[in-house]
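Text of final-v3.txt (compact mmCIF, C-alpha atoms) as supplied:
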# COMPACT_ATOMS: atom_id res chain seq x y z
CA MET E 1296 5.69 19.36 -11.11
CA LEU E 1297 4.71 18.59 -7.50
CA LEU E 1298 1.15 19.76 -8.09
CA ARG E 1299 0.83 17.51 -11.14
CA GLY E 1300 1.98 14.49 -9.13
CA LEU E 1301 -0.40 15.27 -6.27
CA THR E 1302 -3.20 15.63 -8.82
CA TRP E 1303 -2.46 12.14 -10.15
CA LEU E 1304 -2.43 10.70 -6.64
CA VAL E 1305 -5.73 12.36 -5.71
CA LEU E 1306 -7.27 11.35 -9.04
CA PHE E 1307 -6.49 7.68 -8.45
CA GLN E 1308 -7.76 7.92 -4.87
CA LEU E 1309 -11.03 9.45 -6.07
CA LEU E 1310 -11.35 6.80 -8.76
CA GLY E 1311 -10.80 4.10 -6.15
CA THR E 1312 -13.38 5.69 -3.85
CA ALA E 1313 -15.91 5.82 -6.69
CA LEU E 1314 -15.31 2.16 -7.50
CA SER E 1315 -15.61 1.30 -3.82
CA VAL E 1316 -18.96 3.04 -3.52
CA LEU E 1317 -20.32 1.62 -6.77
CA LEU E 1318 -18.89 -1.90 -6.96
CA LEU E 1319 -16.78 -2.98 -3.99
CA PRO E 1320 -18.20 -1.58 -0.75
CA MET E 1321 -16.15 -3.99 1.39
CA MET E 1322 -12.84 -2.60 0.07
CA PRO E 1323 -11.54 0.87 1.04
CA GLY E 1324 -11.43 3.34 -1.84
CA PRO E 1325 -7.85 4.52 -1.26
CA ILE E 1326 -6.63 0.89 -1.43
CA ILE E 1327 -8.42 0.38 -4.73
CA GLY E 1328 -6.91 3.64 -5.98
CA LEU E 1329 -3.45 2.49 -4.92
CA VAL E 1330 -3.87 -0.79 -6.81
CA LEU E 1331 -5.09 1.14 -9.87
CA LEU E 1332 -2.08 3.47 -9.67
CA PHE E 1333 0.20 0.43 -9.40
CA LEU E 1334 -1.40 -1.17 -12.45
CA PHE E 1335 -1.16 2.12 -14.35
CA CYS E 1336 2.56 2.39 -13.58
CA LEU E 1337 3.03 -1.29 -14.45
CA VAL E 1338 1.40 -0.80 -17.85
CA ARG E 1339 3.47 2.34 -18.51
CA GLY E 1340 6.62 0.55 -17.44
CA GLU E 1341 7.76 3.40 -15.19
CA VAL E 1342 6.68 5.73 -12.45
CA GLY E 1343 6.32 9.22 -13.85
CA GLU E 1344 8.57 11.94 -12.44
CA PRO E 1345 5.65 14.04 -11.11
CA VAL E 1346 4.22 11.09 -9.17
CA GLN E 1347 7.67 10.14 -7.90
CA LEU E 1348 8.31 13.70 -6.70
CA ALA E 1349 4.90 13.94 -4.99
CA ALA E 1350 5.26 10.55 -3.31
CA GLY E 1351 8.77 11.41 -2.13
CA SER E 1352 7.51 14.66 -0.64
CA LEU E 1353 4.69 12.89 1.18
CA LEU E 1354 7.01 10.28 2.68
CA ARG E 1355 8.40 12.91 5.06
CA TYR E 1356 5.02 13.05 6.77
CA LEU E 1357 4.51 9.28 7.04
CA PRO E 1358 5.35 9.11 10.79
CA LEU E 1359 2.38 11.38 11.49
CA LEU E 1360 0.11 8.57 10.32
CA LEU E 1361 1.32 6.44 13.24
CA VAL E 1362 0.03 8.83 15.91
CA PRO E 1363 -3.71 7.90 15.72
CA PRO E 1364 -3.09 4.13 16.03
CA ALA E 1365 -0.79 4.72 19.01
CA VAL E 1366 -3.46 6.81 20.72
CA GLY E 1367 -6.03 4.11 19.96
CA VAL E 1368 -3.86 1.43 21.54
CA MET E 1369 -3.49 3.51 24.68
CA ALA E 1370 -7.18 4.50 24.85
CA TYR E 1371 -8.56 1.01 24.22
CA SER E 1372 -5.99 -1.13 26.03
CA ALA E 1373 -8.66 -2.90 28.12
CA GLN E 1374 -10.60 -4.03 25.03
CA ILE E 1375 -7.37 -5.06 23.35
CA MET E 1376 -6.43 -7.21 26.35
CA ASN E 1377 -9.85 -8.92 26.20
CA ASP E 1378 -9.09 -10.09 22.64
CA PHE E 1379 -5.34 -10.49 23.11
CA TRP E 1380 -5.04 -14.04 21.76
CA ALA E 1381 -7.22 -13.37 18.72
CA ILE E 1382 -5.21 -10.27 17.89
CA THR E 1383 -1.92 -12.12 18.43
CA GLY E 1384 -3.06 -14.99 16.21
CA ALA E 1385 -4.14 -12.64 13.46
CA LEU E 1386 -0.84 -10.77 13.62
CA ILE E 1387 1.23 -13.97 13.49
CA LEU E 1388 -0.82 -15.36 10.60
CA SER E 1389 -0.56 -12.12 8.63
CA LEU E 1390 3.19 -11.99 9.32
CA LEU E 1391 3.69 -15.52 8.02
CA LEU E 1392 1.56 -14.90 4.93
CA SER E 1393 3.37 -11.66 4.13
CA LEU E 1394 6.77 -13.35 4.57
CA VAL E 1395 5.79 -16.11 2.15
CA ALA E 1396 4.38 -13.60 -0.36
CA THR E 1397 7.46 -11.38 -0.08
CA GLY E 1398 9.81 -14.33 -0.59
CA TRP E 1399 7.85 -15.53 -3.60
CA LEU E 1400 7.80 -12.02 -5.11
CA MET E 1401 11.52 -11.56 -4.51
CA GLN E 1402 12.33 -14.85 -6.21
CA ALA E 1403 10.14 -13.92 -9.18
CA LEU E 1404 11.83 -10.53 -9.49
CA ILE E 1405 15.30 -12.13 -9.28
CA ARG E 1406 14.38 -14.56 -12.07
CA ARG E 1407 12.98 -11.68 -14.14
CA GLN E 1408 16.15 -9.62 -13.62
CA ALA E 1409 18.30 -12.61 -14.59
CA ARG E 1410 16.32 -13.08 -17.82
CA ARG E 1411 16.75 -9.40 -18.67
CA GLY E 1412 20.47 -9.66 -17.97
CA ARG E 1413 20.85 -12.57 -20.41
CA ARG E 1414 19.08 -10.63 -23.19
CA ALA E 1415 21.26 -7.54 -22.87
Kindly present the structure from the file in structure tokens form.
Amino acid sequence: MLLRGLTWLVLFQLLGTALSVLLLPMMPGPIIGLVLLFLFCLVRGEVGEPVQLAAGSLLRYLPLLLVPPAVGVMAYSAQIMNDFWAITGALILSLLLSLVATGWLMQALIRRQARRGRRA
């Protein structure tokens, strides 16, 4: 079951990479694959058990992905300090945009859940 879920994840990543190379070179392939997987699950109406099991297993290793950025921050601290205000501005702007998008999405999901509750 785990191997089937990992196969699905890799398949969508490869599909995203292919689309990135062929059509959208400015967008990373794994991101395109993630969006395609999301749309696939949205159309199906559920996340399949193999994909859920594989994703759950991979979440244990998520902290390892934070090691390279931490090393980069330490290695390039002088360059980061040169562009401190630009980086700070970009971080604040992205934080505000993500807060607005998250609030809007949460309100939409609450309305959707309320509509489903009235039908049942």
Q.
Between atom CA of E:Leu1309 and atom CA of E:Phe1333, what distance in Å does the model show, to one decimal?
A. 14.8 Å
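Candidate residues E:Pro1345, E:Gly1311, E:Pro1358, E:Gly1412 were compared for distance to E:Val1330, and the nearest is E:Gly1311, using all atoms listed in the file.
The two atoms in question, atom CA of E:Leu1348 and atom CA of E:Leu1332, are spaced 14.9 Å apart.
Proximity of E:Leu1331, E:Leu1298, E:Asn1377, E:Ser1352 to E:Leu1314, computed with only C-alpha atoms, is greatest for E:Leu1331.
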**Q.** Best match for closeness to E:Gly1324 among E:Leu1306, E:Leu1391, E:Ala1409, E:Leu1301, counting all atoms listed in the file
**A.** E:Leu1306
Using 5 Å of padding on each side, determine the axis-aligned box around all atoms of stretch 1391-1403 of chain E present in the file and give its centre and edge lengths in Å to one decimal, as JSON.
{"center_x": 6.9, "center_y": -13.7, "center_z": -0.6, "size_x": 20.8, "size_y": 14.7, "size_z": 27.2}
Q: Find the residues around E:Pro1325 up to 9 Å (all atoms listed in the file counted), leave out those fewer than 2 positions away in its own chain, and share them as an NGL selection string.
A: :E and (1307-1312 or 1315 or 1322-1323 or 1327-1330)
(Q) Report, in Å to a single decimal, how far apart atom CA of E:Pro1363 and atom CA of E:Gly1300 are. (A) 26.3 Å
Q.
Measuring between only C-alpha atoms, which one of E:Ile1326, E:Ile1387, E:Ala1396, E:Cys1336 shows the shortest distance to E:Ala1313?
A. E:Ile1326
Q: Compare E:Leu1394, E:Met1296, E:Ala1370, E:Ile1405 by their minimum atom-to-atom distance to E:Glu1344, counting only C-alpha atoms, and give me the closest one.
A: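 Of E:Leu1394, E:Met1296, E:Ala1370, E:Ile1405, the one nearest E:Glu1344 is E:Met1296, counting only C-alpha atoms.
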Start from the incomplete input, build N, CA and C atoms for stretch 1349-1365 of chain E, and deliver everything as a compact mmCIF listing (two decimals), in the frame of the given file.
# COMPACT_ATOMS: atom_id res chain seq x y z
N ALA E 1349 5.98 13.76 -5.97
CA ALA E 1349 4.90 13.94 -4.99
C ALA E 1349 4.97 12.88 -3.90
N ALA E 1350 5.19 11.64 -4.29
CA ALA E 1350 5.26 10.55 -3.31
C ALA E 1350 6.47 10.74 -2.38
N GLY E 1351 7.59 11.16 -2.94
CA GLY E 1351 8.77 11.41 -2.13
C GLY E 1351 8.54 12.52 -1.12
N SER E 1352 7.82 13.55 -1.55
CA SER E 1352 7.51 14.66 -0.64
C SER E 1352 6.57 14.23 0.48
N LEU E 1353 5.64 13.36 0.17
CA LEU E 1353 4.69 12.89 1.18
C LEU E 1353 5.31 11.92 2.18
N LEU E 1354 6.38 11.24 1.78
CA LEU E 1354 7.01 10.28 2.68
C LEU E 1354 7.57 10.93 3.94
N ARG E 1355 7.90 12.21 3.87
CA ARG E 1355 8.40 12.91 5.06
C ARG E 1355 7.36 12.94 6.16
N TYR E 1356 6.10 12.93 5.80
CA TYR E 1356 5.02 13.05 6.77
C TYR E 1356 4.43 11.70 7.17
N LEU E 1357 5.01 10.61 6.73
CA LEU E 1357 4.51 9.28 7.04
C LEU E 1357 4.46 8.98 8.54
N PRO E 1358 5.45 9.40 9.34
CA PRO E 1358 5.35 9.11 10.79
C PRO E 1358 4.12 9.73 11.45
N LEU E 1359 3.58 10.79 10.90
CA LEU E 1359 2.38 11.38 11.49
C LEU E 1359 1.19 10.44 11.41
N LEU E 1360 1.20 9.53 10.45
CA LEU E 1360 0.11 8.57 10.32
C LEU E 1360 0.12 7.52 11.43
N LEU E 1361 1.22 7.43 12.16
CA LEU E 1361 1.32 6.44 13.24
C LEU E 1361 0.79 6.97 14.56
N VAL E 1362 0.51 8.25 14.65
CA VAL E 1362 0.03 8.83 15.91
C VAL E 1362 -1.38 8.33 16.26
N PRO E 1363 -2.37 8.38 15.35
CA PRO E 1363 -3.71 7.90 15.72
C PRO E 1363 -3.76 6.44 16.18
N PRO E 1364 -3.06 5.51 15.50
CA PRO E 1364 -3.09 4.13 16.03
C PRO E 1364 -2.47 4.02 17.42
N ALA E 1365 -1.41 4.77 17.68
CA ALA E 1365 -0.79 4.72 19.01
C ALA E 1365 -1.75 5.23 20.08
